[in-house]
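Raw final00.csv, CSV, C-alpha atoms (C1' of nucleotides):
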chain,number,residue,atom,x,y,z
A,1,MET,CA,17.7,-4.6,20.2
A,2,LEU,CA,15.5,-2.9,17.7
A,3,ALA,CA,12.4,-4.2,19.4
A,4,GLU,CA,13.6,-3.1,22.8
A,5,ALA,CA,14.6,0.4,21.6
A,6,ALA,CA,11.2,0.7,19.9
A,7,CYS,CA,9.4,-0.3,23.1
A,8,GLU,CA,11.3,2.1,25.2
A,9,LEU,CA,10.6,5.0,22.8
A,10,PHE,CA,6.9,4.1,22.4
A,11,LEU,CA,6.6,4.3,26.2
A,12,GLU,CA,8.6,7.5,26.5
A,13,ASN,CA,7.0,9.5,23.6
A,14,GLY,CA,4.2,7.4,22.3
A,15,TYR,CA,3.8,5.5,19.2
A,16,GLU,CA,3.1,8.2,16.7
A,17,SER,CA,5.8,10.6,18.0
A,18,THR,CA,8.4,7.9,17.6
A,19,SER,CA,9.9,7.7,14.1
A,20,VAL,CA,11.8,4.8,12.6
A,21,ALA,CA,14.9,7.0,12.6
A,22,ASP,CA,14.5,7.5,16.3
A,23,ILE,CA,14.4,3.8,16.9
A,24,THR,CA,17.4,3.0,14.8
A,25,ARG,CA,19.3,5.9,16.3
A,26,ARG,CA,18.8,4.5,19.8
A,27,ALA,CA,19.5,1.0,18.6
A,28,GLY,CA,22.7,2.1,17.0
A,29,VAL,CA,22.0,0.8,13.6
A,30,SER,CA,21.1,2.4,10.3
A,31,ARG,CA,17.6,3.0,9.1
A,32,SER,CA,17.9,0.4,6.4
A,33,THR,CA,18.6,-2.2,8.9
A,34,PHE,CA,15.3,-1.6,10.6
A,35,PHE,CA,13.5,-2.8,7.4
A,36,ASN,CA,15.6,-5.9,7.3
A,37,TYR,CA,13.9,-7.0,10.5
A,38,PHE,CA,10.5,-5.4,10.3
A,39,SER,CA,8.3,-4.8,7.3
A,40,SER,CA,7.0,-1.6,8.8
A,41,LYS,CA,6.9,0.4,11.9
A,42,ALA,CA,3.5,-1.2,12.8
A,43,ASP,CA,5.1,-4.6,12.5
A,44,VAL,CA,7.0,-4.0,15.7
A,45,VAL,CA,3.8,-3.7,17.6
A,46,TRP,CA,1.5,-6.0,15.6
A,47,GLY,CA,3.9,-8.6,14.3
A,48,GLY,CA,3.0,-11.1,17.0
A,49,LEU,CA,-0.7,-10.9,16.4
A,50,ASP,CA,-0.2,-10.9,12.7
A,51,GLU,CA,1.6,-14.2,12.8
A,52,ARG,CA,-1.4,-15.7,14.6
A,53,ILE,CA,-3.8,-14.2,12.1
A,54,VAL,CA,-1.8,-15.8,9.3
A,55,ALA,CA,-2.1,-19.1,11.1
A,56,LEU,CA,-5.8,-18.6,11.6
A,57,GLU,CA,-6.2,-17.8,7.9
A,58,ALA,CA,-4.3,-20.9,6.9
A,59,ARG,CA,-6.2,-23.1,9.3
A,60,LEU,CA,-9.6,-21.8,8.2
A,61,SER,CA,-8.9,-22.1,4.5
A,62,GLU,CA,-7.5,-25.6,4.7
A,63,ALA,CA,-9.9,-27.1,7.1
A,64,PRO,CA,-12.3,-29.6,5.6
A,65,PRO,CA,-15.8,-28.5,4.7
A,66,GLY,CA,-18.6,-28.6,7.1
A,67,ASP,CA,-18.7,-27.6,10.8
A,68,ALA,CA,-17.7,-24.1,10.1
A,69,PRO,CA,-18.6,-22.8,13.6
A,70,GLU,CA,-16.5,-25.5,15.2
A,71,HIS,CA,-13.5,-24.7,13.0
A,72,ILE,CA,-13.9,-21.1,13.8
A,73,ARG,CA,-14.1,-21.6,17.5
A,74,ALA,CA,-11.1,-23.8,17.4
A,75,GLY,CA,-9.1,-21.4,15.3
A,76,ILE,CA,-9.9,-18.4,17.5
A,77,ALA,CA,-9.1,-20.4,20.6
A,78,GLU,CA,-5.7,-21.3,19.1
A,79,LEU,CA,-5.1,-17.6,18.3
A,80,ALA,CA,-5.8,-16.7,21.9
A,81,ALA,CA,-3.9,-19.5,23.5
A,82,GLY,CA,-0.6,-18.4,25.0
A,83,PHE,CA,-0.9,-15.0,23.5
A,84,VAL,CA,2.0,-12.9,24.9
A,85,PRO,CA,2.7,-9.8,22.7
A,86,ASP,CA,4.4,-7.7,25.3
A,87,THR,CA,5.0,-4.9,22.9
A,88,LEU,CA,1.4,-4.7,21.8
A,89,ALA,CA,0.0,-4.8,25.3
A,90,LEU,CA,2.4,-1.9,26.3
A,91,ALA,CA,1.5,0.2,23.3
A,92,LEU,CA,-2.2,-0.5,23.7
A,93,LEU,CA,-2.1,0.3,27.4
A,94,HIS,CA,-0.3,3.5,26.8
A,95,ALA,CA,-2.7,4.5,24.1
A,96,THR,CA,-6.1,3.5,25.5
A,97,THR,CA,-5.5,5.9,28.4
A,98,MET,CA,-5.7,8.8,25.9
A,99,GLY,CA,-8.6,7.6,23.9
A,100,PHE,CA,-6.7,5.2,21.6
A,101,ALA,CA,-7.0,7.4,18.5
A,102,GLY,CA,-4.8,7.8,15.5
A,103,GLU,CA,-2.4,5.4,14.0
A,104,LEU,CA,-2.8,2.6,16.6
A,105,GLU,CA,-6.6,2.5,16.1
A,106,ARG,CA,-6.1,2.4,12.4
A,107,GLU,CA,-3.8,-0.6,12.7
A,108,ALA,CA,-6.2,-2.3,15.1
A,109,SER,CA,-9.1,-1.9,12.7
A,110,VAL,CA,-7.0,-3.6,10.0
A,111,ARG,CA,-6.5,-6.6,12.2
A,112,ARG,CA,-10.2,-6.6,13.1
A,113,ALA,CA,-11.0,-6.7,9.4
A,114,ARG,CA,-8.4,-9.5,8.6
A,115,ILE,CA,-9.8,-11.8,11.3
A,116,GLY,CA,-13.3,-10.9,10.1
A,117,ARG,CA,-12.5,-11.7,6.5
A,118,ALA,CA,-10.9,-15.1,7.4
A,119,VAL,CA,-14.0,-16.1,9.4
A,120,ALA,CA,-16.4,-14.8,6.7
A,121,GLN,CA,-14.6,-16.6,3.9
A,122,ARG,CA,-14.8,-19.9,5.9
A,123,MET,CA,-18.5,-19.4,6.5
A,124,ARG,CA,-19.2,-18.7,2.8
A,125,ARG,CA,-17.3,-21.7,1.8
A,126,ASP,CA,-19.7,-23.7,3.9
A,127,GLY,CA,-22.7,-22.1,2.1
A,128,ALA,CA,-23.4,-19.2,4.3
A,129,GLU,CA,-24.9,-16.2,2.6
A,130,ARG,CA,-22.5,-13.3,2.0
A,131,LEU,CA,-24.1,-10.6,4.2
A,132,ARG,CA,-24.6,-13.0,7.1
A,133,ALA,CA,-21.0,-14.3,6.8
A,134,ASP,CA,-19.6,-10.8,6.8
A,135,VAL,CA,-21.7,-9.8,9.8
A,136,VAL,CA,-20.6,-12.8,11.9
A,137,GLY,CA,-17.0,-12.4,10.7
A,138,ALA,CA,-16.9,-8.7,11.7
A,139,ALA,CA,-18.4,-9.6,15.1
A,140,VAL,CA,-15.7,-12.1,15.7
A,141,GLY,CA,-12.9,-9.8,14.5
A,142,GLY,CA,-14.2,-6.9,16.6
A,143,GLY,CA,-14.7,-9.1,19.6
A,144,VAL,CA,-11.2,-10.6,19.5
A,145,LEU,CA,-9.7,-7.1,19.3
A,146,ALA,CA,-11.9,-5.9,22.1
A,147,ALA,CA,-10.8,-8.9,24.2
A,148,ILE,CA,-7.2,-8.1,23.5
A,149,GLU,CA,-7.7,-4.5,24.6
A,150,VAL,CA,-9.4,-5.6,27.8
A,151,TRP,CA,-6.7,-8.1,28.3
A,152,ALA,CA,-3.9,-5.6,27.8
A,153,GLN,CA,-5.5,-3.2,30.2
A,154,ALA,CA,-5.7,-5.9,32.9
A,155,GLY,CA,-2.1,-5.2,33.9
A,156,PRO,CA,0.8,-7.5,34.2
A,157,ASP,CA,-1.0,-10.2,36.2
A,158,ARG,CA,-3.6,-10.6,33.5
A,159,PRO,CA,-5.5,-13.8,33.1
A,160,ASP,CA,-5.4,-15.8,29.9
A,161,LEU,CA,-7.0,-14.4,26.8
A,162,THR,CA,-8.9,-17.7,26.2
A,163,GLY,CA,-11.7,-17.0,28.6
A,164,LEU,CA,-12.4,-13.6,27.1
A,165,VAL,CA,-12.5,-14.8,23.5
A,166,GLU,CA,-14.9,-17.6,24.5
A,167,ARG,CA,-17.3,-15.1,25.8
A,168,VAL,CA,-16.8,-13.1,22.7
A,169,LEU,CA,-17.7,-16.1,20.5
A,170,GLY,CA,-20.8,-16.6,22.5
A,171,PHE,CA,-21.9,-13.0,21.8
A,172,ALA,CA,-21.2,-13.5,18.2
A,173,GLY,CA,-23.5,-16.4,18.0
A,174,LEU,CA,-20.9,-19.2,17.8
B,1,MET,CA,-13.0,19.4,-11.0
B,2,LEU,CA,-10.7,17.8,-8.6
B,3,ALA,CA,-13.2,15.1,-7.8
B,4,GLU,CA,-13.9,14.5,-11.5
B,5,ALA,CA,-10.2,14.3,-12.3
B,6,ALA,CA,-9.6,11.9,-9.4
B,7,CYS,CA,-12.5,9.6,-10.5
B,8,GLU,CA,-11.2,9.5,-14.1
B,9,LEU,CA,-7.7,8.5,-12.9
B,10,PHE,CA,-9.0,6.0,-10.4
B,11,LEU,CA,-10.9,4.3,-13.2
B,12,GLU,CA,-8.0,4.5,-15.6
B,13,ASN,CA,-5.1,3.4,-13.4
B,14,GLY,CA,-6.7,2.3,-10.1
B,15,TYR,CA,-6.7,4.1,-6.8
B,16,GLU,CA,-3.2,3.2,-5.6
B,17,SER,CA,-1.5,4.0,-8.8
B,18,THR,CA,-2.9,7.4,-8.9
B,19,SER,CA,-1.0,10.0,-6.9
B,20,VAL,CA,-2.3,13.3,-5.6
B,21,ALA,CA,0.1,15.0,-8.1
B,22,ASP,CA,-1.5,13.1,-10.9
B,23,ILE,CA,-4.9,14.3,-9.9
B,24,THR,CA,-3.9,18.0,-9.5
B,25,ARG,CA,-2.0,17.8,-12.8
B,26,ARG,CA,-5.1,16.7,-14.7
B,27,ALA,CA,-7.3,19.2,-12.9
B,28,GLY,CA,-4.8,21.9,-13.7
B,29,VAL,CA,-4.2,23.1,-10.2
B,30,SER,CA,-1.4,22.9,-7.8
B,31,ARG,CA,-0.9,20.1,-5.3
B,32,SER,CA,-1.5,22.4,-2.4
B,33,THR,CA,-5.0,23.2,-3.7
B,34,PHE,CA,-5.9,19.6,-3.4
B,35,PHE,CA,-5.5,19.7,0.3
B,36,ASN,CA,-7.7,22.8,0.5
B,37,TYR,CA,-10.6,20.8,-0.7
B,38,PHE,CA,-9.8,17.3,0.6
B,39,SER,CA,-8.2,16.4,3.9
B,40,SER,CA,-6.6,13.4,2.3
B,41,LYS,CA,-6.5,11.3,-0.9
B,42,ALA,CA,-8.9,8.9,0.8
B,43,ASP,CA,-11.3,11.7,1.4
B,44,VAL,CA,-12.1,11.9,-2.3
B,45,VAL,CA,-13.5,8.4,-2.1
B,46,TRP,CA,-14.7,8.1,1.4
B,47,GLY,CA,-15.8,11.7,2.1
B,48,GLY,CA,-19.5,11.0,1.4
B,49,LEU,CA,-19.6,8.0,3.8
B,50,ASP,CA,-17.6,9.8,6.4
B,51,GLU,CA,-20.1,12.6,6.6
B,52,ARG,CA,-22.8,10.1,7.2
B,53,ILE,CA,-20.7,8.4,9.9
B,54,VAL,CA,-20.2,11.8,11.6
B,55,ALA,CA,-24.0,12.3,11.6
B,56,LEU,CA,-24.4,8.8,13.0
B,57,GLU,CA,-21.9,9.5,15.8
B,58,ALA,CA,-23.6,12.7,16.7
B,59,ARG,CA,-27.1,11.1,16.6
B,60,LEU,CA,-26.1,8.2,18.8
B,61,SER,CA,-24.2,10.2,21.3
B,62,GLU,CA,-26.9,12.8,21.7
B,63,ALA,CA,-30.0,10.5,21.7
B,64,PRO,CA,-31.7,10.1,25.0
B,65,PRO,CA,-30.8,7.1,27.1
B,66,GLY,CA,-32.7,3.9,26.8
B,67,ASP,CA,-33.9,2.1,23.7
B,68,ALA,CA,-30.4,1.7,22.3
B,69,PRO,CA,-31.4,-0.9,19.7
B,70,GLU,CA,-34.0,1.4,18.3
B,71,HIS,CA,-31.7,4.4,18.2
B,72,ILE,CA,-29.1,2.3,16.4
B,73,ARG,CA,-31.6,0.9,13.9
B,74,ALA,CA,-32.8,4.4,13.2
B,75,GLY,CA,-29.3,5.8,12.9
B,76,ILE,CA,-28.1,3.1,10.5
B,77,ALA,CA,-31.3,3.5,8.5
B,78,GLU,CA,-30.6,7.2,8.2
B,79,LEU,CA,-27.0,6.5,7.1
B,80,ALA,CA,-28.3,4.2,4.4
B,81,ALA,CA,-31.1,6.3,3.2
B,82,GLY,CA,-30.4,8.1,-0.1
B,83,PHE,CA,-26.8,7.0,-0.1
B,84,VAL,CA,-25.3,8.0,-3.4
B,85,PRO,CA,-21.5,8.1,-3.2
B,86,ASP,CA,-20.7,7.8,-6.9
B,87,THR,CA,-17.0,7.9,-6.4
B,88,LEU,CA,-16.9,5.3,-3.7
B,89,ALA,CA,-19.1,2.9,-5.7
B,90,LEU,CA,-16.8,3.3,-8.7
B,91,ALA,CA,-13.6,2.8,-6.7
B,92,LEU,CA,-15.1,-0.2,-4.9
B,93,LEU,CA,-16.4,-1.7,-8.1
B,94,HIS,CA,-13.0,-1.4,-9.8
B,95,ALA,CA,-11.2,-2.8,-6.8
B,96,THR,CA,-13.4,-5.7,-5.8
B,97,THR,CA,-12.8,-7.3,-9.1
B,98,MET,CA,-9.2,-7.8,-8.2
B,99,GLY,CA,-9.7,-8.9,-4.7
B,100,PHE,CA,-10.1,-5.5,-3.0
B,101,ALA,CA,-6.7,-5.5,-1.4
B,102,GLY,CA,-4.4,-2.8,-0.3
B,103,GLU,CA,-5.2,0.8,0.5
B,104,LEU,CA,-8.9,0.6,-0.2
B,105,GLU,CA,-9.4,-2.3,2.1
B,106,ARG,CA,-7.5,-0.5,4.8
B,107,GLU,CA,-9.7,2.5,4.4
B,108,ALA,CA,-12.8,0.4,4.4
B,109,SER,CA,-11.7,-1.3,7.7
B,110,VAL,CA,-11.3,2.1,9.3
B,111,ARG,CA,-14.9,3.0,8.5
B,112,ARG,CA,-16.1,-0.4,9.7
B,113,ALA,CA,-14.4,0.4,13.0
B,114,ARG,CA,-15.8,3.9,13.3
B,115,ILE,CA,-19.3,2.7,12.8
B,116,GLY,CA,-18.7,-0.1,15.2
B,117,ARG,CA,-17.3,2.2,17.8
B,118,ALA,CA,-20.2,4.6,17.6
B,119,VAL,CA,-22.7,1.7,18.0
B,120,ALA,CA,-20.7,0.1,20.9
B,121,GLN,CA,-20.4,3.4,22.7
B,122,ARG,CA,-24.2,3.9,22.5
B,123,MET,CA,-24.8,0.4,23.9
B,124,ARG,CA,-22.4,0.9,26.7
B,125,ARG,CA,-24.0,4.1,27.6
B,126,ASP,CA,-27.2,2.1,28.1
B,127,GLY,CA,-25.5,-0.3,30.4
B,128,ALA,CA,-24.3,-3.0,28.0
B,129,GLU,CA,-21.2,-4.8,29.0
B,130,ARG,CA,-18.1,-3.8,27.1
B,131,LEU,CA,-17.3,-7.0,25.2
B,132,ARG,CA,-20.9,-7.5,24.1
B,133,ALA,CA,-21.2,-3.9,23.0
B,134,ASP,CA,-18.0,-4.2,20.9
B,135,VAL,CA,-19.1,-7.4,19.3
B,136,VAL,CA,-22.5,-6.1,18.3
B,137,GLY,CA,-20.9,-2.8,17.2
B,138,ALA,CA,-18.4,-4.6,15.0
B,139,ALA,CA,-21.1,-6.8,13.6
B,140,VAL,CA,-23.1,-3.7,12.6
B,141,GLY,CA,-20.0,-1.9,11.2
B,142,GLY,CA,-18.9,-4.9,9.2
B,143,GLY,CA,-22.4,-5.5,8.0
B,144,VAL,CA,-22.9,-2.0,6.8
B,145,LEU,CA,-19.7,-2.0,4.9
B,146,ALA,CA,-20.5,-5.4,3.4
B,147,ALA,CA,-23.9,-4.0,2.4
B,148,ILE,CA,-22.2,-1.1,0.7
B,149,GLU,CA,-19.9,-3.4,-1.2
B,150,VAL,CA,-22.8,-5.6,-2.4
B,151,TRP,CA,-24.7,-2.5,-3.3
B,152,ALA,CA,-21.8,-1.0,-5.2
B,153,GLN,CA,-21.4,-4.2,-7.2
B,154,ALA,CA,-25.0,-4.2,-8.1
B,155,GLY,CA,-24.4,-1.9,-11.0
B,156,PRO,CA,-25.9,1.4,-12.0
B,157,ASP,CA,-29.5,0.3,-11.6
B,158,ARG,CA,-28.9,-0.7,-8.0
B,159,PRO,CA,-31.7,-0.9,-5.5
B,160,ASP,CA,-31.7,1.2,-2.3
B,161,LEU,CA,-29.2,0.4,0.4
B,162,THR,CA,-31.9,0.4,3.0
B,163,GLY,CA,-33.1,-3.1,2.4
B,164,LEU,CA,-29.6,-4.5,2.6
B,165,VAL,CA,-28.8,-2.8,5.9
B,166,GLU,CA,-32.1,-3.9,7.4
B,167,ARG,CA,-31.1,-7.5,6.8
B,168,VAL,CA,-27.7,-6.8,8.2
B,169,LEU,CA,-29.2,-5.4,11.4
B,170,GLY,CA,-31.2,-8.6,11.7
B,171,PHE,CA,-28.1,-10.7,11.4
B,172,ALA,CA,-26.4,-8.5,14.1
B,173,GLY,CA,-29.2,-9.2,16.5
B,174,LEU,CA,-31.0,-5.9,16.3
C,1,DG,C1',-9.3,52.8,-8.8
C,2,DT,C1',-8.5,51.2,-3.4
C,3,DG,C1',-8.6,48.0,0.3
C,4,DG,C1',-9.6,43.7,2.2
C,5,DT,C1',-10.8,39.0,2.0
C,6,DT,C1',-10.5,34.6,0.0
C,7,DT,C1',-8.2,31.4,-2.8
C,8,DC,C1',-4.3,29.6,-5.1
C,9,DT,C1',0.6,28.5,-5.4
C,10,DG,C1',5.4,27.0,-4.8
C,11,DG,C1',8.5,25.4,-1.8
C,12,DA,C1',10.3,23.6,2.4
C,13,DT,C1',9.8,20.0,5.6
C,14,DC,C1',8.7,15.6,7.6
C,15,DG,C1',7.8,10.5,7.9
C,16,DC,C1',7.0,6.0,5.9
C,17,DG,C1',8.4,2.7,2.7
C,18,DT,C1',11.2,0.8,-1.4
C,19,DC,C1',15.2,-0.1,-4.0
C,20,DC,C1',19.9,-0.7,-4.9
C,21,DA,C1',24.8,-0.7,-5.2
C,22,DA,C1',28.7,-0.7,-2.3
C,23,DC,C1',30.8,-2.5,1.7
C,24,DA,C1',32.0,-5.4,5.9
C,25,DA,C1',31.8,-9.7,8.3
C,26,DT,C1',31.2,-14.1,8.7
C,27,DA,C1',31.3,-19.0,7.3
C,28,DC,C1',32.9,-22.6,4.1
C,29,DG,C1',35.8,-25.4,0.9
C,30,DC,C1',40.3,-26.5,0.0
D,1,DG,C1',46.7,-20.5,5.7
D,2,DC,C1',43.7,-18.5,1.5
D,3,DG,C1',40.1,-17.3,-1.8
D,4,DT,C1',35.3,-17.3,-2.1
D,5,DA,C1',30.3,-17.4,-1.2
D,6,DT,C1',26.9,-15.9,1.7
D,7,DT,C1',25.0,-12.9,4.7
D,8,DG,C1',24.3,-8.6,7.0
D,9,DT,C1',24.8,-3.6,7.1
D,10,DT,C1',25.0,0.8,5.2
D,11,DG,C1',24.1,5.2,2.9
D,12,DG,C1',21.7,7.4,-0.4
D,13,DA,C1',18.3,8.3,-3.8
D,14,DC,C1',13.6,8.0,-4.8
D,15,DG,C1',8.3,8.3,-4.6
D,16,DC,C1',4.5,9.1,-1.9
D,17,DG,C1',1.3,11.3,1.5
D,18,DA,C1',0.7,15.1,4.4
D,19,DT,C1',1.6,19.7,6.9
D,20,DC,C1',3.0,24.3,7.1
D,21,DC,C1',3.7,28.9,5.5
D,22,DA,C1',4.6,33.2,3.1
D,23,DG,C1',3.7,35.4,-0.9
D,24,DA,C1',1.1,36.0,-5.2
D,25,DA,C1',-3.3,36.2,-7.5
D,26,DA,C1',-8.2,36.7,-8.0
D,27,DC,C1',-12.2,38.5,-6.4
D,28,DC,C1',-15.6,41.7,-4.4
D,29,DA,C1',-17.5,45.7,-2.3
D,30,DC,C1',-17.2,50.5,-2.1
If you took the structure in this file and wrote it as structure tokens, what would it be?
Amino acid sequence: MLAEAACELFLENGYESTSVADITRRAGVSRSTFFNYFSSKADVVWGGLDERIVALEARLSEAPPGDAPEHIRAGIAELAAGFVPDTLALALLHATTMGFAGELEREASVRRARIGRAVAQRMRRDGAERLRADVVGAAVGGGVLAAIEVWAQAGPDRPDLTGLVERVLGFAGL
Amino acid sequence: MLAEAACELFLENGYESTSVADITRRAGVSRSTFFNYFSSKADVVWGGLDERIVALEARLSEAPPGDAPEHIRAGIAELAAGFVPDTLALALLHATTMGFAGELEREASVRRARIGRAVAQRMRRDGAERLRADVVGAAVGGGVLAAIEVWAQAGPDRPDLTGLVERVLGFAGL
DNA sequence: GTGGTTTCTGGATCGCGTCCAACAATACGC
DNA sequence: GCGTATTGTTGGACGCGATCCAGAAACCAC
């Protein structure tokens, strides 16, 4: 119910203009309860992607040494496969029309960086030099988020994310 | 005085454990005065870089069409030339020792994204496809921030940033 | 001095996020 | 049935960043 109420309000008034108190009021629960289910307001929108990023981090840090590019390709493909964050797509769609500034862009950049860091760490563990690893990682992170944005804008009958991220990995030199 | 007090406290207690009230107390002014000189707490640390990013955005959006890679190289070089953000280097140095997590990393990722967006917009204006522009932009943004981190960790007798960002641009395919 | 501009100040207000003690509801053992 | 854990919910207090504003203070020119 909380997620639904949040989605409705995000669409009605936008993400930033919706306070946690607004959400809980509409959902009919107390403010405290909100934080029993979400760690933050951003978690409502980004929780789905964050789980996948955690899985990516785990996969890349546990994978055996060697073949870093292959591990990264596989991890990113896994992240993209079956990606269905309805709430993120809605929020993104509603925001990109007005320039996608403010809080949502901040949050997006954090996810970009998290993916980038996971990739860069994996590359460095395989002997890549630091600057090069960070550049490639950032390229992948930025590309994945860009793919998600494009995908979210594609409307309800959107194709799979997989094709987009494959192209992104090509651009990033993987 | 505010910047000095902030620097001291950041080094003593770390960035996150220092509140705006702490800073103004040490500086002997009221909390309101702080926001007359800085738009946010992060501005104390990132203001110097932010100014350069604004200049980069202006330069890239006003430059004549064509030759995007050259404009980008020049803009990034300008950003790096004579870069001396004492306070950022200190905060970064103090933070990277403990993993560089939390607020500072958030703020860093925002700057990564701003640089990346500026670069990507310039490329798209020259006809680059969206995904490719975003990937290259993110690579540049991530690389510049990585270069700054490396540079900050290099100690007081650090070399110029210019050499580092040139290598980064090479990795990014520019 | 006087008048006007700039700066500083305190306080109110808002939102996010954390913490905790009290309370209700449910499930479980007997 | 009953007492008892366990779990979920609640309100409230708190700290923090940030915005806004009216009034006080400092400054400068004349």
| request: Show me which bits of chain B are within 12 Å of chain D, counting only C-alpha atoms (C1' of nucleotides), as a list in words. | output: Glu16, Ser17, Thr18, Ser19, Val20, Ala21, Asp22, Arg31, Ser32, Phe34, Phe35, Asn36, Phe38, Ser39, Ser40, Lys41 and Ala42 of chain B
| task | Work out how far apart CA of Ala152 in chain A and CA of Val110 in chain B are and give it in Å to one decimal. | result |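 If I compute the distance from CA of Ala152 in chain A to CA of Val110 in chain B, I get 21.4 Å.
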| request: Give as a list of chain:residue names the set of residues within 12 Å of the point (-28.0, 11.6, 17.0), where distances use the file's coordinates and all atoms listed in the file. | output: B:Arg52, B:Ile53, B:Val54, B:Ala55, B:Leu56, B:Glu57, B:Ala58, B:Arg59, B:Leu60, B:Ser61, B:Glu62, B:Ala63, B:Pro64, B:Pro65, B:Ala68, B:Glu70, B:His71, B:Ile72, B:Arg73, B:Ala74, B:Gly75, B:Ile76, B:Glu78, B:Leu79, B:Ala118, B:Val119, B:Arg122
| request: Give me, please, the distance in Å between CA of Cys7 in chain B and CA of Arg111 in chain B, quoted to one decimal. | output: 20.3 Å
For chain C against chain A, which residues fall within 12 Å using all atoms listed in the file, given as an mmCIF file with C-alpha atoms (C1' of nucleotides), in the frame of the given file?
data_model
loop_
_atom_site.group_PDB
_atom_site.id
_atom_site.type_symbol
_atom_site.label_atom_id
_atom_site.label_comp_id
_atom_site.auth_asym_id
_atom_site.auth_seq_id
_atom_site.Cartn_x
_atom_site.Cartn_y
_atom_site.Cartn_z
ATOM 1 C "C1'" DC C 14 8.700 15.600 7.600
ATOM 2 C "C1'" DG C 15 7.800 10.500 7.900
ATOM 3 C "C1'" DC C 16 7.000 6.000 5.900
ATOM 4 C "C1'" DG C 17 8.400 2.700 2.700
ATOM 5 C "C1'" DT C 18 11.200 0.800 -1.400
ATOM 6 C "C1'" DC C 19 15.200 -0.100 -4.000
ATOM 7 C "C1'" DC C 20 19.900 -0.700 -4.900
#
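Selected on chain A by distance to chain B: A:Arg106, A:Ser109, A:Val110, A:Arg112, A:Ala113, A:Leu131, A:Arg132, A:Asp134, A:Val135, A:Val136, A:Gly137, A:Ala138, A:Ala139, A:Val140, A:Gly141, A:Gly142, A:Gly143, A:Ala146, A:Ala147, A:Val168, A:Phe171, A:Ala172 (within 8 Å, counting only C-alpha atoms).
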| said: Give me the residues near range 87-90 of chain A as a PyMOL selection string, where near means some atom within 9 Å (using only C-alpha atoms (C1' of nucleotides)) and where sequence neighbours in that chain fewer than 3 positions away do not count. | reply: chain A and resi 3-4+6-7+10-11+44-49+84+93-95+148-149+151-153+155
| message | Just the number, please: distance in Å from C1' of DA25 in chain C to CA of Ile23 in chain A, one decimal. | response |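 These two atoms are separated by 23.6 Å.
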| query | So which one's closest to Thr24 in chain B, B:Thr162, B:Gly127, B:Pro69, B:Met1? Using all atoms listed in the file, please. | reply |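 Going through B:Thr162, B:Gly127, B:Pro69, B:Met1 one by one, the smallest distance to Thr24 in chain B is for B:Met1.
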